[in-house]
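*Asks:* Provided below: run-v2.csv, containing CSV, C-alpha atoms.
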chain,number,residue,atom,x,y,z
A,20,MET,CA,0.0,0.0,0.0
A,21,VAL,CA,2.9,2.4,0.9
A,22,ILE,CA,4.5,1.6,-2.4
A,23,GLY,CA,1.2,2.4,-4.2
A,24,ILE,CA,1.0,5.8,-2.5
A,25,ILE,CA,4.6,6.6,-3.3
A,26,ASN,CA,4.0,5.7,-7.0
A,27,ALA,CA,0.9,7.9,-7.0
A,28,ILE,CA,2.8,10.8,-5.6
A,29,CYS,CA,5.7,10.3,-8.1
A,30,GLY,CA,3.2,10.2,-10.9
A,31,CYS,CA,1.6,13.5,-9.8
A,32,LEU,CA,5.0,15.1,-9.5
A,33,GLN,CA,6.0,13.9,-12.9
A,34,SER,CA,2.8,15.3,-14.4
A,35,SER,CA,3.4,18.6,-12.7
A,36,ILE,CA,7.0,18.7,-14.0
A,37,ASP,CA,5.8,17.8,-17.5
A,38,SER,CA,3.1,20.5,-17.4
A,39,LEU,CA,5.6,23.2,-16.2
A,40,THR,CA,8.1,22.1,-18.9
A,41,ILE,CA,5.5,22.4,-21.7
A,42,ARG,CA,4.4,25.8,-20.4
A,43,PHE,CA,8.0,27.0,-20.2
A,44,LYS,CA,8.7,25.9,-23.7
A,45,ILE,CA,5.6,27.7,-24.9
A,46,ASN,CA,6.5,30.9,-23.1
A,47,VAL,CA,10.1,30.8,-24.5
A,48,MET,CA,8.8,30.2,-28.0
A,49,SER,CA,6.2,33.0,-27.7
A,50,TYR,CA,8.7,35.5,-26.3
A,51,ALA,CA,11.2,34.6,-29.0
A,52,GLU,CA,8.5,35.2,-31.6
A,53,GLN,CA,7.5,38.5,-29.9
A,54,HIS,CA,11.1,39.8,-29.8
A,55,LEU,CA,11.6,39.0,-33.5
A,56,ARG,CA,8.3,40.6,-34.4
A,57,GLU,CA,9.4,43.7,-32.6
A,58,THR,CA,12.7,43.6,-34.5
A,59,ILE,CA,10.9,43.4,-37.8
A,60,GLU,CA,8.6,46.3,-36.8
A,61,ILE,CA,11.6,48.5,-35.9
A,62,VAL,CA,13.3,47.8,-39.2
A,63,GLN,CA,10.1,48.8,-41.0
A,64,LYS,CA,9.9,52.1,-39.0
A,65,LEU,CA,13.5,53.2,-39.3
A,66,ASP,CA,13.9,56.6,-41.1
A,67,VAL,CA,15.7,55.7,-44.3
A,68,ALA,CA,16.1,59.4,-45.2
A,69,LEU,CA,18.0,60.1,-42.0
A,70,LEU,CA,20.2,57.1,-42.6
A,71,GLU,CA,21.2,58.4,-46.0
A,72,LYS,CA,21.7,61.9,-44.4
A,73,MET,CA,24.1,60.3,-41.9
A,74,VAL,CA,26.0,58.6,-44.7
A,75,ALA,CA,26.4,61.9,-46.5
A,76,ALA,CA,27.7,63.6,-43.3
A,77,LEU,CA,30.3,60.9,-42.9
A,78,VAL,CA,31.4,61.1,-46.5
A,79,THR,CA,31.9,64.9,-46.0
A,80,LEU,CA,33.8,64.2,-42.7
A,81,ARG,CA,36.2,61.9,-44.5
A,82,SER,CA,36.7,64.2,-47.5
A,83,ARG,CA,37.7,67.1,-45.1
A,84,GLY,CA,40.1,64.8,-43.2
A,85,GLY,CA,38.1,65.0,-40.0
A,86,ARG,CA,38.2,62.5,-37.1
A,87,LEU,CA,35.3,60.5,-35.7
A,88,PHE,CA,34.9,60.2,-32.0
A,89,ILE,CA,32.4,57.6,-30.9
A,90,LEU,CA,31.0,57.9,-27.4
A,91,GLY,CA,29.0,55.3,-25.5
A,92,VAL,CA,28.4,53.9,-22.0
A,93,GLY,CA,27.8,50.4,-20.9
A,94,GLY,CA,26.8,48.1,-23.8
A,95,SER,CA,27.0,51.2,-26.0
A,96,ALA,CA,30.7,51.5,-25.0
A,97,ALA,CA,31.4,48.0,-26.3
A,98,ASN,CA,29.5,48.9,-29.5
A,99,ALA,CA,31.6,52.1,-29.8
A,100,SER,CA,34.8,50.0,-29.7
A,101,HIS,CA,33.5,47.7,-32.5
A,102,ALA,CA,32.3,50.6,-34.6
A,103,VAL,CA,35.7,52.3,-34.3
A,104,ASN,CA,37.3,49.2,-35.9
A,105,ASP,CA,34.8,49.1,-38.7
A,106,PHE,CA,35.0,52.8,-39.5
A,107,ARG,CA,38.8,52.7,-39.5
A,108,LYS,CA,39.2,49.4,-41.4
A,109,ILE,CA,36.3,49.5,-43.9
A,110,THR,CA,35.7,53.2,-44.6
A,111,ASP,CA,39.2,54.7,-43.9
A,112,ILE,CA,37.8,57.2,-41.4
A,113,GLU,CA,40.1,58.0,-38.5
A,114,ALA,CA,38.0,57.0,-35.6
A,115,TYR,CA,38.5,56.7,-31.8
A,116,ALA,CA,36.5,55.8,-28.7
A,117,PRO,CA,37.6,57.2,-25.3
A,118,THR,CA,36.3,54.1,-23.5
A,119,ASP,CA,39.0,52.0,-25.3
A,120,ASN,CA,41.6,53.7,-23.1
A,121,VAL,CA,40.7,52.1,-19.7
A,122,SER,CA,43.6,53.7,-17.9
A,123,GLU,CA,42.7,57.2,-18.8
A,124,LEU,CA,39.0,56.6,-18.4
A,125,THR,CA,39.4,55.3,-14.8
A,126,ALA,CA,42.0,57.9,-13.9
A,127,ARG,CA,39.7,60.7,-15.0
A,128,THR,CA,36.7,59.1,-13.3
A,129,ASN,CA,38.7,58.8,-10.0
A,130,ASP,CA,40.3,62.2,-10.1
A,131,GLU,CA,37.7,64.4,-11.8
A,132,GLY,CA,34.4,62.6,-11.7
A,133,TRP,CA,32.3,60.5,-14.1
A,134,ALA,CA,30.4,63.4,-15.6
A,135,SER,CA,33.5,65.0,-17.2
A,136,VAL,CA,35.3,62.0,-18.5
A,137,PHE,CA,34.3,62.4,-22.1
A,138,VAL,CA,34.5,66.2,-22.4
A,139,GLU,CA,38.0,66.2,-20.9
A,140,TRP,CA,39.1,63.4,-23.2
A,141,LEU,CA,37.8,65.3,-26.2
A,142,ARG,CA,39.5,68.5,-25.0
A,143,GLY,CA,42.8,66.6,-24.7
A,144,SER,CA,42.3,65.3,-28.2
A,145,ARG,CA,42.0,68.9,-29.5
A,146,LEU,CA,38.5,68.4,-30.9
A,147,ARG,CA,38.0,70.6,-34.0
A,148,ASP,CA,35.3,71.8,-36.2
A,149,GLN,CA,36.5,69.4,-38.9
A,150,ASP,CA,35.8,66.5,-36.6
A,151,ALA,CA,32.5,64.7,-35.7
A,152,VAL,CA,31.2,63.1,-32.6
A,153,LEU,CA,28.9,60.0,-32.8
A,154,VAL,CA,26.9,59.1,-29.8
A,155,LEU,CA,25.6,55.6,-29.3
A,156,SER,CA,23.1,55.7,-26.4
A,157,VAL,CA,19.8,54.2,-25.3
A,158,GLY,CA,18.5,57.5,-24.0
A,159,GLY,CA,20.8,60.1,-25.5
A,160,GLY,CA,21.6,61.7,-22.1
A,161,ASN,CA,19.4,63.8,-19.8
A,162,LEU,CA,20.8,66.2,-17.2
A,163,GLU,CA,17.5,66.6,-15.4
A,164,LYS,CA,17.3,62.9,-14.7
A,165,ASN,CA,21.0,62.6,-14.2
A,166,VAL,CA,21.3,60.0,-16.9
A,167,SER,CA,24.6,59.9,-18.9
A,168,PRO,CA,25.6,63.5,-17.9
A,169,ASN,CA,29.0,62.7,-19.4
A,170,LEU,CA,27.4,62.5,-22.9
A,171,VAL,CA,25.7,65.8,-22.3
A,172,SER,CA,28.9,67.6,-21.3
A,173,ALA,CA,30.7,66.2,-24.3
A,174,LEU,CA,28.0,67.3,-26.7
A,175,GLN,CA,27.9,70.8,-25.1
A,176,PHE,CA,31.7,71.0,-25.8
A,177,ALA,CA,31.2,69.8,-29.3
A,178,LYS,CA,28.7,72.5,-29.9
A,179,GLU,CA,31.2,75.1,-28.7
A,180,THR,CA,33.8,73.9,-31.1
A,181,GLY,CA,31.5,73.7,-34.0
A,182,THR,CA,32.0,69.9,-34.3
A,183,SER,CA,29.4,67.9,-36.2
A,184,ILE,CA,27.2,65.8,-34.0
A,185,LEU,CA,25.7,62.4,-35.0
A,186,GLY,CA,23.7,60.0,-32.9
A,187,ILE,CA,22.1,56.6,-32.9
A,188,THR,CA,19.8,56.5,-29.9
A,189,GLY,CA,16.6,55.0,-28.5
A,190,ARG,CA,13.6,56.4,-26.7
A,191,ASP,CA,13.1,60.1,-27.7
A,192,GLY,CA,16.8,60.6,-28.4
A,193,GLY,CA,17.4,62.7,-25.3
A,194,TYR,CA,19.9,65.6,-25.4
A,195,THR,CA,21.6,64.0,-28.3
A,196,ALA,CA,18.6,64.3,-30.6
A,197,GLN,CA,18.1,67.9,-29.4
A,198,VAL,CA,21.6,69.1,-30.6
A,199,ALA,CA,22.6,66.6,-33.3
A,200,ASP,CA,23.0,67.4,-36.9
A,201,VAL,CA,21.7,63.9,-37.7
A,202,CYS,CA,20.2,61.5,-35.1
A,203,VAL,CA,18.7,58.2,-36.0
A,204,ILE,CA,16.3,57.2,-33.3
A,205,VAL,CA,15.5,53.5,-32.9
A,206,PRO,CA,11.7,53.4,-32.7
A,207,THR,CA,10.2,52.2,-29.4
A,208,VAL,CA,7.8,49.4,-30.2
A,209,ASN,CA,7.8,47.9,-26.7
A,210,PRO,CA,8.8,50.0,-23.7
A,211,ALA,CA,9.9,46.9,-21.8
A,212,ASN,CA,12.6,46.2,-24.5
A,213,VAL,CA,14.0,49.7,-25.2
A,214,THR,CA,17.5,48.8,-24.1
A,215,PRO,CA,18.1,45.5,-25.9
A,216,HIS,CA,16.5,46.9,-29.1
A,217,SER,CA,18.4,50.2,-29.0
A,218,GLU,CA,21.8,48.6,-28.4
A,219,ALA,CA,21.1,45.9,-31.0
A,220,PHE,CA,20.1,48.5,-33.6
A,221,GLN,CA,23.2,50.6,-33.0
A,222,ALA,CA,25.0,47.7,-34.5
A,223,VAL,CA,22.5,47.4,-37.4
A,224,VAL,CA,22.8,51.1,-38.2
A,225,TRP,CA,26.6,51.4,-38.0
A,226,HIS,CA,27.0,48.2,-40.1
A,227,LEU,CA,24.7,49.7,-42.6
A,228,LEU,CA,26.8,52.9,-42.7
A,229,VAL,CA,30.2,51.1,-43.2
A,230,SER,CA,28.6,48.8,-45.8
A,231,HIS,CA,27.1,51.7,-47.8
A,232,PRO,CA,28.7,52.0,-51.2
A,233,ALA,CA,29.3,55.7,-50.6
A,234,LEU,CA,31.5,54.9,-47.6
A,235,LYS,CA,32.8,51.4,-48.0
A,236,ILE,CA,36.4,51.4,-49.4
A,237,GLN,CA,37.9,48.1,-48.1
A,238,GLN,CA,36.2,44.7,-48.8
A,239,THR,CA,35.3,42.7,-45.7
A,240,LYS,CA,37.1,39.4,-45.4
A,241,TRP,CA,34.4,36.8,-45.9
A,242,GLU,CA,32.9,38.7,-48.8
A,243,SER,CA,36.3,38.5,-50.5
A,244,VAL,CA,36.8,34.8,-50.0
A,245,LYS,CA,35.9,32.8,-53.0
Show me, as structure tokens, the structure contained in the file I just sent.
*Replies:*
Amino acid sequence: MVIGIINAICGCLQSSIDSLTIRFKINVMSYAEQHLRETIEIVQKLDVALLEKMVAALVTLRSRGGRLFILGVGGSAANASHAVNDFRKITDIEAYAPTDNVSELTARTNDEGWASVFVEWLRGSRLRDQDAVLVLSVGGGNLEKNVSPNLVSALQFAKETGTSILGITGRDGGYTAQVADVCVIVPTVNPANVTPHSEAFQAVVWHLLVSHPALKIQQTKWESVK
């Protein structure tokens, strides 16, 4: 009798586990589908005219021998580093990201504060009106909410020097969108996924830029392998 009870309990437990497993699989599948549907919607809503305008601005930057400084925080900092490689290697634009220099970044943060790390780096780089600043950011910076004040300070300095300002941002674009010559805003299709979509589409947009026939000079490796 005891064995029968134990078998019954085990059977119930197994049924519960199977039910939870099925529900988990359904939820995972439905979220994956949702995320991809959101991605498709964003692609369809991107402003193509602004993308072409940004390409034109970068072509002009290269023709005048200007440098491209790419600013980003968090995941956007990692994107900035990747984008620097692509702009230098594929488009022959002299590009830099302050977050690539960990020693200087941490020294300035420790000695002067986080809010001024980018502006002081740009000042030390002798930012000129021939150059351009490209901001990669989810929110674009907002002093009132104290979000990415380092981006805001850097952009204020860029305005003072007459430097071109470009941006790839999410949400409403924040301060970046307010002052940029060209700012591509990743459309918000789900407020709960603003960050992952914004950071993912930073990569989509900059890869579009460096692949554009008006900018691309060097062939990428796998496309050149026969």
*Asks:* Quote the spacing between CA of Val67 in chain A and CA of Leu153 in chain A in Å to one decimal place.
*Replies:*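 If I compute the distance from CA of Val67 in chain A to CA of Leu153 in chain A, I get 18.0 Å.
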*Asks:* Which polymer residues have any atom within 9 Å of an atom of Gly193 in chain A, counting all atoms listed in the file, with same-chain residues fewer than 6 positions away left out, as a list in words?
*Replies:*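 My list of contacting residues is Val157, Gly158, Gly159, Gly160 and Asn161 of chain A.
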*Asks:* What is the distance, in Å and to one decimal place, between CA of Pro168 in chain A and CA of Ser135 in chain A?
*Replies:*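 Computed distance, CA of Pro168 in chain A to CA of Ser135 in chain A, equals 8.1 Å.
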*Asks:* Do a neighbour search on Asn104 in chain A at 8 Å with only C-alpha atoms, toss out local chain neighbours closer than 4 positions, and write the hits as a CSV table (one decimal) with C-alpha atoms, in the coordinates of the input.
*Replies:*
chain,number,residue,atom,x,y,z
A,100,SER,CA,34.8,50.0,-29.7
A,108,LYS,CA,39.2,49.4,-41.4
A,114,ALA,CA,38.0,57.0,-35.6
*Asks:* Write out as a ChimeraX atom specification the residues lying within 10 Å of Glu57 in chain A, counting all atoms listed in the file and excluding same-chain residues fewer than 5 positions away.
*Replies:* /A:51-52,62-63,206-209,212,216
*Asks:* Under the rule that only C-alpha atoms are counted, which of A:Val78, A:Leu228, A:Ala222, A:Ala199 is the nearest residue to Ala96 in chain A?
*Replies:*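 Smallest separation from Ala96 in chain A among the options: A:Ala222.
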*Asks:* So which one's closest to Glu218 in chain A, A:Val205, A:Ala177, A:Ala75, A:Leu80? Using all atoms listed in the file, please.
*Replies:*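 Checking each of A:Val205, A:Ala177, A:Ala75, A:Leu80 against Glu218 in chain A, counting all atoms listed in the file, the winner is A:Val205.
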*Asks:* Around (30.6, 65.2, -17.5), as given in the file, which residues come within 7 Å? Count only C-alpha atoms and list them as a list in words.
*Replies:* Trp133, Ala134, Ser135, Val136, Phe137, Val138, Pro168, Asn169, Leu170, Val171, Ser172 and Ala173 of chain A
*Asks:* Using only C-alpha atoms for the distances, tell me which of A:Val201, A:Arg190, A:Ala102, A:Lys164 is nearest to Val213 in chain A.
*Replies:*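 For Val213 in chain A, the nearest of the given residues is A:Arg190.
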*Asks:* Work out how far apart CA of Phe88 in chain A and CA of Phe176 in chain A are and give it in Å to one decimal.
*Replies:* 12.9 Å
*Asks:* Measuring between all atoms listed in the file, which one of A:Leu174, A:Val229, A:Ile187, A:Ala126 shows the shortest distance to Arg107 in chain A?
*Replies:*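 Using all atoms listed in the file, Arg107 in chain A sits closest to A:Val229.
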*Asks:* Return the single residue from A:Tyr194, A:Arg86, A:Thr125, A:Ser217 that is closest to Arg145 in chain A, with distances computed using all atoms listed in the file.
*Replies:* A:Arg86
*Asks:* Using only C-alpha atoms, which residues sit within 8 Å of Leu87 in chain A once same-chain residues fewer than 4 positions away are excluded, as a ChimeraX atom specification?
*Replies:* /A:112-115,150-153
*Asks:* Pick out the closest residue to Lys235 in chain A from this set: A:Tyr50, A:Phe106, A:Trp140, A:Phe220. Count all atoms listed in the file.
*Replies:* A:Phe106
*Asks:* For a cutoff of 12 Å around the file-coordinate point (25.8, 48.4, -31.3), which residues qualify once you count all atoms listed in the file? I'd like the result as a PyMOL selection string.
*Replies:* chain A and resi 89-103+105+154-157+186-189+205+214-227
